[in-house]
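The structure appears right after this line, and notes come after that.
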Amino acid sequence: MFAPRAPKVLRMAKIPSDRPLRPATQLVHGGQMRTGFDETAEALFLTSGFVYDSAEQAEATFLGTAEHFQYSRFGNPTTSMLEQRLVLLEGAEACRVTATGMAAVSAGLLAHLKASDRVVASRALFGSCHWIVSTLLPRYGIRTEFVDGGDLQQWKAALTTPTALVLLETPSNPMLELVDLAAVCDLAHAAGALVVVDNVFATPLLQKPMQFGADVVVYSCTKHMDGQGRVLGGAVLGRKKWVEEVLQPFIRNTGPSMSPFNAWVILKGLETLHLRLPAMCRSAAAIADFLAERSEVARVLYPFRADHPQQGLAKAQMAAGGSLVTFDVQGGKEAAFRFMNALRIVAVSNNLGDSKSLVTHPATTTHMRVGAEERAKLGITDGTIRLSVGLEDVADLIEDLSTALDAIAPVQVPTRRPVLPVEAEPVAAPAAEPAAEAPKARRGKSKPSAAPAEAGTPLLFELASPLPEAPGRKG
Ligand SMILES: Cc1ncc(COP(=O)(O)O)c(C=O)c1O
């Protein structure tokens with residue numbers, strides 16, 4: 001059998017290192033190491049451990065005087081490639097990937113904090129992040145305080161006391177509330193805090209929190225990075241010193257490490273992120289505009305719409321409005337469930353960032369355990385629905401949403417377009433691409449008109465160029 005031995009080398013793939021590469025190129029090539037077999041795709045090192053040439057080499061590796069992979073809980077060539085790709089994309093100094101997004105959040109917090117420390121967090125956090133701050137940390141003697149993330153006065157008041165860590169999410173899950181990153185980072189640093197930003201909803205293509213002063217950025221790679229609903233993963237990015245001296249010992253010894261297989265899937269997912277995300281954002285903007293015109297919808301939240309209370313901040317911090325749209329249907333839980341059950345293309349799920357569009361009812365799923373009182377403070381009602389817009393044709397999505405809204409209309413009147421049984425459709429000549437046009441509102445709803453639909457217009461972010469530097473912020 002022909003079985004050539006690979007030279008024992010792992011080397012960086014041959015890409016220019018003398019100039020910064022643009023995000024799309026980084027997403028395809030960033031961090032790739034090649035073995036002596038010169039494979040095209042990133043190699044999957046599906047191995048739990050590594051062998052040494054000698055006992056001496058093993059000793060030297062554990063002493064830190066020789067470089068060698070030891071054990072996949074500490075590091076693995078495939079997970080290292082993902083870490084390096086994310087470092088380049090984020091513009092961070094270092095990264096460690098973890099088994100899930102929650103492992104990233106909990107590792108980032110627990111590695112840094114100790115008993116008697118104080119944490120200030122925005123109230124609008126993903127349910128499990130909220131649980132860590134409200135329930136887990138106090139068990140270890142860590143004092144925590146929540147503030148309304150959009151209210152700078154509350155941040156100011158909370159950060160007059162010395163604080164070890166600030167945790168925030170912007171835009172938040174599910175209400176798409178924004179936090180002023182630059183202002184809160186300044187206040188937090190003056191209070192001595194490390195600022196940790198959960199950037200899951202924005203993704204590294206739409207928002208770079210470190211440009212506004214954040215110290216640590218965390219991700220659930222489960223979402224847009226995989227982007228195809230296959231694997232779980234998380235990432236923590238920060239300064240080299242903090243990652244190596246604070247985070248790495250925690251990960252090495254407590255073991256929330258990412259599987260090399262998941263790292264490999266996410267590496268391949270990242271290769272198309274710059275193509276998938278703009279398409280999802282364009283569809284989300286068009287869908288938000290469509291929903292705002294429907295009388296069954298009480299309110300729509302989308303960061304780049306003119307009626308979002310923080311549109312100005314969104315446009316200052318983000319390159320596009322994102323792939324999530326949150327809205328309230330009239331009629332509470334009963335109507336929300338009827339609407340969700342009537343959808344045929346959009347699936348009911350609690351995940352997001354997938355190529356498949358997904359709807360979630362936060363009050364009975366992701367935010368069930370935060371309790372009714374906290375949900376009320378967050379603005380989550382029984383009629384709130386979070387829609388993660390995927391990669392389907394936006395015209396099909398709008399038709400699906402429109403039909404499901406018809407199902408909850410208070411009075412059933414003929415729909416804008418009769419739905420014919422399939423066999424009754426006239427056979428038409430092959431048509432050009434259907435226009436991504438929203439069906440007209442059934443009952444003219446007088447609402448302030450939204451920002452012009454962004455569907456079909458170029459996205460507001462140009463992936464070939466980096467996001468603008470925030471004035472006076474560190475890089
Ligand atoms: C904002 C946010 N942070 C963290 C997480 C946790 O990620 P994972 O499910 O990969 O643990 C999620 C999951 O939905 C999320 O939406």
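FYI, nothing fancy with the structure tokens labels: chains A, B, ... in order, residues from 1 per chain, ligands from 1 as they appear.
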How would you report the residues lying within 6 Å of ligand 1, as a short mmCIF file (atom, residue, chain, number, x, y, z; two decimals) with N, CA and C atoms, in the first residue's frame, if you count only C-alpha atoms and all ligand atoms?
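Final file, result05.cif:
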```cif
data_model
loop_
_atom_site.label_atom_id
_atom_site.label_comp_id
_atom_site.auth_asym_id
_atom_site.auth_seq_id
_atom_site.Cartn_x
_atom_site.Cartn_y
_atom_site.Cartn_z
N THR A 100 -19.35 25.17 23.99
CA THR A 100 -20.61 25.86 23.68
C THR A 100 -20.42 27.36 23.94
N GLY A 101 -21.41 28.12 23.53
CA GLY A 101 -21.37 29.55 23.85
C GLY A 101 -21.45 29.78 25.35
N MET A 102 -22.26 28.97 26.04
CA MET A 102 -22.37 29.14 27.49
C MET A 102 -21.07 28.77 28.18
N PHE A 126 -29.19 36.93 27.52
CA PHE A 126 -29.73 35.61 27.18
C PHE A 126 -30.03 34.87 28.50
N ASN A 173 -30.68 39.67 23.34
CA ASN A 173 -31.56 38.55 23.01
C ASN A 173 -32.73 38.56 23.99
N VAL A 200 -22.93 37.83 20.15
CA VAL A 200 -23.55 36.78 19.34
C VAL A 200 -24.50 37.35 18.29
N SER A 220 -21.20 32.52 20.85
CA SER A 220 -21.71 31.18 20.63
C SER A 220 -21.45 30.93 19.14
N THR A 222 -22.15 28.35 17.74
CA THR A 222 -23.33 27.57 17.36
C THR A 222 -24.22 28.33 16.38
N LEU A 232 -22.35 22.65 18.21
CA LEU A 232 -22.26 23.66 19.26
C LEU A 232 -20.81 24.14 19.36
N GLY A 233 -20.64 25.37 19.77
CA GLY A 233 -19.29 25.87 19.99
C GLY A 233 -19.32 27.25 20.59
N GLY A 234 -18.21 27.64 21.20
CA GLY A 234 -18.10 28.98 21.77
C GLY A 234 -16.69 29.51 21.60
N ASN A 351 -33.18 28.04 18.44
CA ASN A 351 -31.85 28.41 17.95
C ASN A 351 -31.96 29.65 17.07
#
```
For Ser257 (chain A): contacts at 9 Å, only C-alpha atoms, fewer than 2 positions along chain excluded, given as an NGL selection string: :A and (72-75 or 96-100 or 103 or 251-252 or 254-255 or 259)
Resulting file, chosen residues, N, CA and C atoms, as a short mmCIF file (atom, residue, chain, number, x, y, z; two decimals), in the first residue's frame:
```cif
data_model
loop_
_atom_site.label_atom_id
_atom_site.label_comp_id
_atom_site.auth_asym_id
_atom_site.auth_seq_id
_atom_site.Cartn_x
_atom_site.Cartn_y
_atom_site.Cartn_z
N SER A 72 -5.96 17.15 23.90
CA SER A 72 -6.90 18.05 23.23
C SER A 72 -7.75 18.87 24.20
N ARG A 73 -7.72 18.53 25.48
CA ARG A 73 -8.37 19.44 26.44
C ARG A 73 -7.58 20.76 26.55
N PHE A 74 -6.25 20.68 26.34
CA PHE A 74 -5.42 21.90 26.44
C PHE A 74 -5.32 22.62 25.09
N GLY A 75 -5.33 21.84 24.00
CA GLY A 75 -5.16 22.44 22.68
C GLY A 75 -5.05 21.36 21.64
N ARG A 96 -9.57 31.49 22.80
CA ARG A 96 -9.71 30.07 23.13
C ARG A 96 -11.13 29.68 22.77
N VAL A 97 -11.28 28.55 22.10
CA VAL A 97 -12.63 28.09 21.76
C VAL A 97 -13.10 27.09 22.81
N THR A 98 -14.42 27.01 22.95
CA THR A 98 -15.02 26.20 24.01
C THR A 98 -16.14 25.34 23.42
N ALA A 99 -16.64 24.42 24.24
CA ALA A 99 -17.63 23.45 23.76
C ALA A 99 -18.95 24.09 23.33
N THR A 100 -19.35 25.17 23.99
CA THR A 100 -20.61 25.86 23.68
C THR A 100 -20.42 27.36 23.94
N ALA A 103 -20.33 27.80 27.64
CA ALA A 103 -19.02 27.48 28.21
C ALA A 103 -18.09 28.67 28.05
N ILE A 251 -9.45 26.89 31.54
CA ILE A 251 -9.95 25.94 30.53
C ILE A 251 -9.20 24.61 30.63
N ARG A 252 -7.89 24.70 30.78
CA ARG A 252 -7.06 23.49 30.85
C ARG A 252 -7.49 22.60 32.03
N THR A 254 -10.45 22.90 33.97
CA THR A 254 -11.87 22.60 34.19
C THR A 254 -12.50 21.92 32.97
N GLY A 255 -11.90 22.07 31.79
CA GLY A 255 -12.27 21.24 30.64
C GLY A 255 -13.49 21.59 29.81
N SER A 259 -14.61 20.28 20.87
CA SER A 259 -14.21 19.09 20.13
C SER A 259 -13.55 19.50 18.81
#
```
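Relative to CA of Leu88 (chain A), CA of Ala182 (chain A) is found at 21.8 Å.
For Ser283 (chain A), the list of residues within 8 Å, based on only C-alpha atoms and with local chain neighbours fewer than 4 positions off taken out, reads Ala279, Ile287, Ser323, Val389, Val394 and Ala455 of chain A.
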Hey, can you spit out that residue selection with N, CA and C atoms as a compact mmCIF listing (two decimals), in the first residue's frame?
```
# COMPACT_ATOMS: atom_id res chain seq x y z
N ALA A 279 -26.87 38.50 3.13
CA ALA A 279 -28.16 38.06 2.57
C ALA A 279 -29.21 37.97 3.68
N ILE A 287 -38.20 42.03 5.94
CA ILE A 287 -39.26 41.39 6.74
C ILE A 287 -39.72 42.32 7.85
N SER A 323 -29.56 39.78 11.65
CA SER A 323 -30.45 38.80 11.02
C SER A 323 -31.63 38.45 11.91
N VAL A 389 -33.81 35.20 10.80
CA VAL A 389 -34.04 35.12 9.36
C VAL A 389 -32.90 34.33 8.70
N VAL A 394 -36.52 35.63 0.24
CA VAL A 394 -37.29 36.48 1.15
C VAL A 394 -38.76 36.56 0.75
N ALA A 455 -34.13 45.88 1.36
CA ALA A 455 -34.01 44.73 0.46
C ALA A 455 -33.62 45.23 -0.92
```
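Atom pair CA of Asp226 (chain A) / CA of Gln310 (chain A) has a distance of 28.9 Å (rounded to one decimal).
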Pick from A:Leu89, A:Leu270, A:Val196, A:Leu313 nearest to Arg22 (chain A), counting only C-alpha atoms: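 Selected residue with least distance to Arg22 (chain A): A:Leu89.
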Need the shell around Phe201 (chain A): protein/DNA/RNA residues with any atom at most 9 Å away, counting only C-alpha atoms. Skip same-chain ones fewer than 6 positions apart. Format as a list in words?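 Listing them by chain and then by number gives Glu169, Thr170, Pro171, Ser172, Asn173, Leu176, Tyr219, Lys223, His224, Gly322, Ser323, Leu324, Leu352 and Gly353 of chain A.
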Atoms to include: C-alpha atoms. Write the selected residues as a PDB file, in the first residue's frame.
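This is the output file again14.pdb:
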```
ATOM      1  CA  GLU A 169     -25.041  41.874  25.272  1.00  0.00           C
ATOM      2  CA  THR A 170     -25.714  44.241  22.362  1.00  0.00           C
ATOM      3  CA  PRO A 171     -28.036  43.852  20.520  1.00  0.00           C
ATOM      4  CA  SER A 172     -29.709  41.841  23.242  1.00  0.00           C
ATOM      5  CA  ASN A 173     -31.562  38.553  23.008  1.00  0.00           C
ATOM      6  CA  LEU A 176     -32.643  43.859  20.345  1.00  0.00           C
ATOM      7  CA  TYR A 219     -19.433  34.112  21.041  1.00  0.00           C
ATOM      8  CA  LYS A 223     -25.112  30.478  15.717  1.00  0.00           C
ATOM      9  CA  HIS A 224     -24.010  32.352  12.553  1.00  0.00           C
ATOM     10  CA  GLY A 322     -28.491  41.923  11.853  1.00  0.00           C
ATOM     11  CA  SER A 323     -30.447  38.798  11.020  1.00  0.00           C
ATOM     12  CA  LEU A 324     -32.906  38.886  13.943  1.00  0.00           C
ATOM     13  CA  LEU A 352     -30.811  31.336  15.752  1.00  0.00           C
ATOM     14  CA  GLY A 353     -28.287  32.301  13.093  1.00  0.00           C
TER      15      GLY A 353
END
```
Have a look at A:Phe50, A:Phe146, A:Tyr302, A:Phe37 and name the one nearest to Lys377 (chain A); count only C-alpha atoms. A:Phe146
DSSP on the backbone: which residues in region 255-392 of chain A end up as strand (DSSP E or B)? Give the answer as JSON, numbers by chain. {"A": [257, 297, 298, 299, 300, 301, 324, 325, 326, 327, 328, 329, 347, 348, 358, 359, 360, 384, 385, 386, 387, 388]}
The selected residues should be written to file as a PDB file, in the first residue's frame (atoms: N, CA and C atoms).
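File written: again_0.pdb
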```pdb
ATOM      1  N   SER A 257     -13.504  22.392  26.852  1.00  0.00           N
ATOM      2  CA  SER A 257     -12.836  22.530  25.545  1.00  0.00           C
ATOM      3  C   SER A 257     -13.734  22.109  24.388  1.00  0.00           C
ATOM      4  N   VAL A 297     -49.704  42.937  14.002  1.00  0.00           N
ATOM      5  CA  VAL A 297     -48.420  43.113  14.682  1.00  0.00           C
ATOM      6  C   VAL A 297     -48.466  44.415  15.486  1.00  0.00           C
ATOM      7  N   ALA A 298     -48.243  44.300  16.796  1.00  0.00           N
ATOM      8  CA  ALA A 298     -48.347  45.484  17.647  1.00  0.00           C
ATOM      9  C   ALA A 298     -47.092  46.355  17.579  1.00  0.00           C
ATOM     10  N   ARG A 299     -45.925  45.716  17.477  1.00  0.00           N
ATOM     11  CA  ARG A 299     -44.683  46.486  17.324  1.00  0.00           C
ATOM     12  C   ARG A 299     -43.609  45.598  16.734  1.00  0.00           C
ATOM     13  N   VAL A 300     -42.667  46.254  16.071  1.00  0.00           N
ATOM     14  CA  VAL A 300     -41.547  45.536  15.461  1.00  0.00           C
ATOM     15  C   VAL A 300     -40.272  46.166  15.982  1.00  0.00           C
ATOM     16  N   LEU A 301     -39.299  45.334  16.312  1.00  0.00           N
ATOM     17  CA  LEU A 301     -37.992  45.852  16.722  1.00  0.00           C
ATOM     18  C   LEU A 301     -36.948  45.363  15.729  1.00  0.00           C
ATOM     19  N   LEU A 324     -31.801  39.162  13.019  1.00  0.00           N
ATOM     20  CA  LEU A 324     -32.906  38.886  13.943  1.00  0.00           C
ATOM     21  C   LEU A 324     -33.922  40.018  13.906  1.00  0.00           C
ATOM     22  N   VAL A 325     -35.186  39.653  13.926  1.00  0.00           N
ATOM     23  CA  VAL A 325     -36.276  40.631  14.012  1.00  0.00           C
ATOM     24  C   VAL A 325     -37.164  40.170  15.162  1.00  0.00           C
ATOM     25  N   THR A 326     -37.523  41.088  16.055  1.00  0.00           N
ATOM     26  CA  THR A 326     -38.416  40.726  17.158  1.00  0.00           C
ATOM     27  C   THR A 326     -39.694  41.535  17.015  1.00  0.00           C
ATOM     28  N   PHE A 327     -40.826  40.880  17.242  1.00  0.00           N
ATOM     29  CA  PHE A 327     -42.098  41.598  17.103  1.00  0.00           C
ATOM     30  C   PHE A 327     -43.115  41.031  18.070  1.00  0.00           C
ATOM     31  N   ASP A 328     -44.122  41.849  18.348  1.00  0.00           N
ATOM     32  CA  ASP A 328     -45.224  41.440  19.223  1.00  0.00           C
ATOM     33  C   ASP A 328     -46.466  41.276  18.371  1.00  0.00           C
ATOM     34  N   VAL A 329     -47.153  40.139  18.511  1.00  0.00           N
ATOM     35  CA  VAL A 329     -48.440  40.024  17.830  1.00  0.00           C
ATOM     36  C   VAL A 329     -49.540  40.442  18.806  1.00  0.00           C
ATOM     37  N   ALA A 347     -39.501  27.524  10.828  1.00  0.00           N
ATOM     38  CA  ALA A 347     -39.702  26.468  11.827  1.00  0.00           C
ATOM     39  C   ALA A 347     -39.691  27.032  13.241  1.00  0.00           C
ATOM     40  N   VAL A 348     -40.399  26.350  14.131  1.00  0.00           N
ATOM     41  CA  VAL A 348     -40.403  26.722  15.550  1.00  0.00           C
ATOM     42  C   VAL A 348     -39.160  26.095  16.178  1.00  0.00           C
ATOM     43  N   LEU A 358     -36.086  30.615  11.684  1.00  0.00           N
ATOM     44  CA  LEU A 358     -36.607  29.999  12.905  1.00  0.00           C
ATOM     45  C   LEU A 358     -37.352  31.034  13.735  1.00  0.00           C
ATOM     46  N   VAL A 359     -38.473  30.620  14.333  1.00  0.00           N
ATOM     47  CA  VAL A 359     -39.171  31.513  15.276  1.00  0.00           C
ATOM     48  C   VAL A 359     -39.143  30.937  16.676  1.00  0.00           C
ATOM     49  N   THR A 360     -39.084  31.835  17.631  1.00  0.00           N
ATOM     50  CA  THR A 360     -39.015  31.460  19.044  1.00  0.00           C
ATOM     51  C   THR A 360     -40.038  32.283  19.807  1.00  0.00           C
ATOM     52  N   THR A 384     -44.625  38.301  22.335  1.00  0.00           N
ATOM     53  CA  THR A 384     -43.327  38.555  21.694  1.00  0.00           C
ATOM     54  C   THR A 384     -42.823  37.327  20.947  1.00  0.00           C
ATOM     55  N   ILE A 385     -42.383  37.573  19.735  1.00  0.00           N
ATOM     56  CA  ILE A 385     -41.825  36.498  18.891  1.00  0.00           C
ATOM     57  C   ILE A 385     -40.477  36.958  18.351  1.00  0.00           C
ATOM     58  N   ARG A 386     -39.478  36.072  18.454  1.00  0.00           N
ATOM     59  CA  ARG A 386     -38.165  36.372  17.880  1.00  0.00           C
ATOM     60  C   ARG A 386     -38.019  35.564  16.597  1.00  0.00           C
ATOM     61  N   LEU A 387     -37.684  36.266  15.531  1.00  0.00           N
ATOM     62  CA  LEU A 387     -37.521  35.606  14.235  1.00  0.00           C
ATOM     63  C   LEU A 387     -36.059  35.684  13.814  1.00  0.00           C
ATOM     64  N   SER A 388     -35.457  34.533  13.609  1.00  0.00           N
ATOM     65  CA  SER A 388     -34.095  34.474  13.078  1.00  0.00           C
ATOM     66  C   SER A 388     -34.229  34.219  11.580  1.00  0.00           C
TER      67      SER A 388
END
```
Might you pull out every residue within 8 Å of Met81 (chain A), with only C-alpha atoms counted and same-chain residues fewer than 2 positions away left off, and present them as a list in words?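 These residues fall inside the cut-off: Gly30, Gly31, Gln32, Met33, Pro77, Thr78, Thr79, Glu83, Gln84, Arg85 and Leu267 of chain A.
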Considering only alpha helix (DSSP H) as DSSP defines it on the backbone, what residues of region 134-301 of chain A qualify? List them as a VMD selection string. chain A and resid 137 to 139 152 to 158 181 to 190 203 to 206 240 to 242 248 to 254 260 to 270 273 to 292
Find the residue from A:Val216, A:Leu165, A:Leu291, A:Met340 that sits nearest to Gly192 (chain A); use only C-alpha atoms when measuring. A:Leu165
Provide the CA of His112 (chain A) to CA of Glu93 (chain A) distance in Å, to one decimal place.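 Between CA of His112 (chain A) and CA of Glu93 (chain A) the gap works out to 17.4 Å.
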Would you mind listing what lies within 12 Å of Leu187 (chain A) as a ChimeraX atom specification, with only C-alpha atoms counted and same-chain residues fewer than 2 positions away left out? /A:120,152-163,165-166,180-185,189-195,213-214
Applying 6 Å and only C-alpha atoms, which residues near region 138-144 of chain A remain after dropping the ones on its own chain fewer than 5 positions away? List them as a VMD selection string. chain A and resid 115 to 120
Please produce an output containing N, CA and C atoms for each residue in the selection, written as a compact mmCIF listing (two decimals), in the first residue's frame.
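Okay, this is what ended up in out.txt:
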```txt
# COMPACT_ATOMS: atom_id res chain seq x y z
N ALA A 115 -14.36 35.38 45.00
CA ALA A 115 -15.31 35.74 46.06
C ALA A 115 -15.09 37.19 46.48
N SER A 116 -16.18 37.87 46.75
CA SER A 116 -16.25 39.27 47.19
C SER A 116 -16.12 40.28 46.03
N ASP A 117 -15.89 39.77 44.81
CA ASP A 117 -15.90 40.68 43.65
C ASP A 117 -17.32 41.17 43.38
N ARG A 118 -17.38 42.22 42.56
CA ARG A 118 -18.67 42.78 42.20
C ARG A 118 -18.81 42.76 40.68
N VAL A 119 -20.00 42.39 40.20
CA VAL A 119 -20.28 42.34 38.76
C VAL A 119 -21.46 43.25 38.46
N VAL A 120 -21.36 44.03 37.41
CA VAL A 120 -22.50 44.80 36.93
C VAL A 120 -22.84 44.27 35.54
```
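Using only C-alpha atoms, the nearest neighbour of His367 (chain A) within the list A:Gly379, A:Gly390, A:Gly91, A:Gly227 is A:Gly379.
Minimum atom-to-atom distances from A:Glu296, A:Ser349, A:Ala107, A:Gly312 to Ala335 (chain A) were compared using only C-alpha atoms, and the lowest value belongs to A:Glu296.
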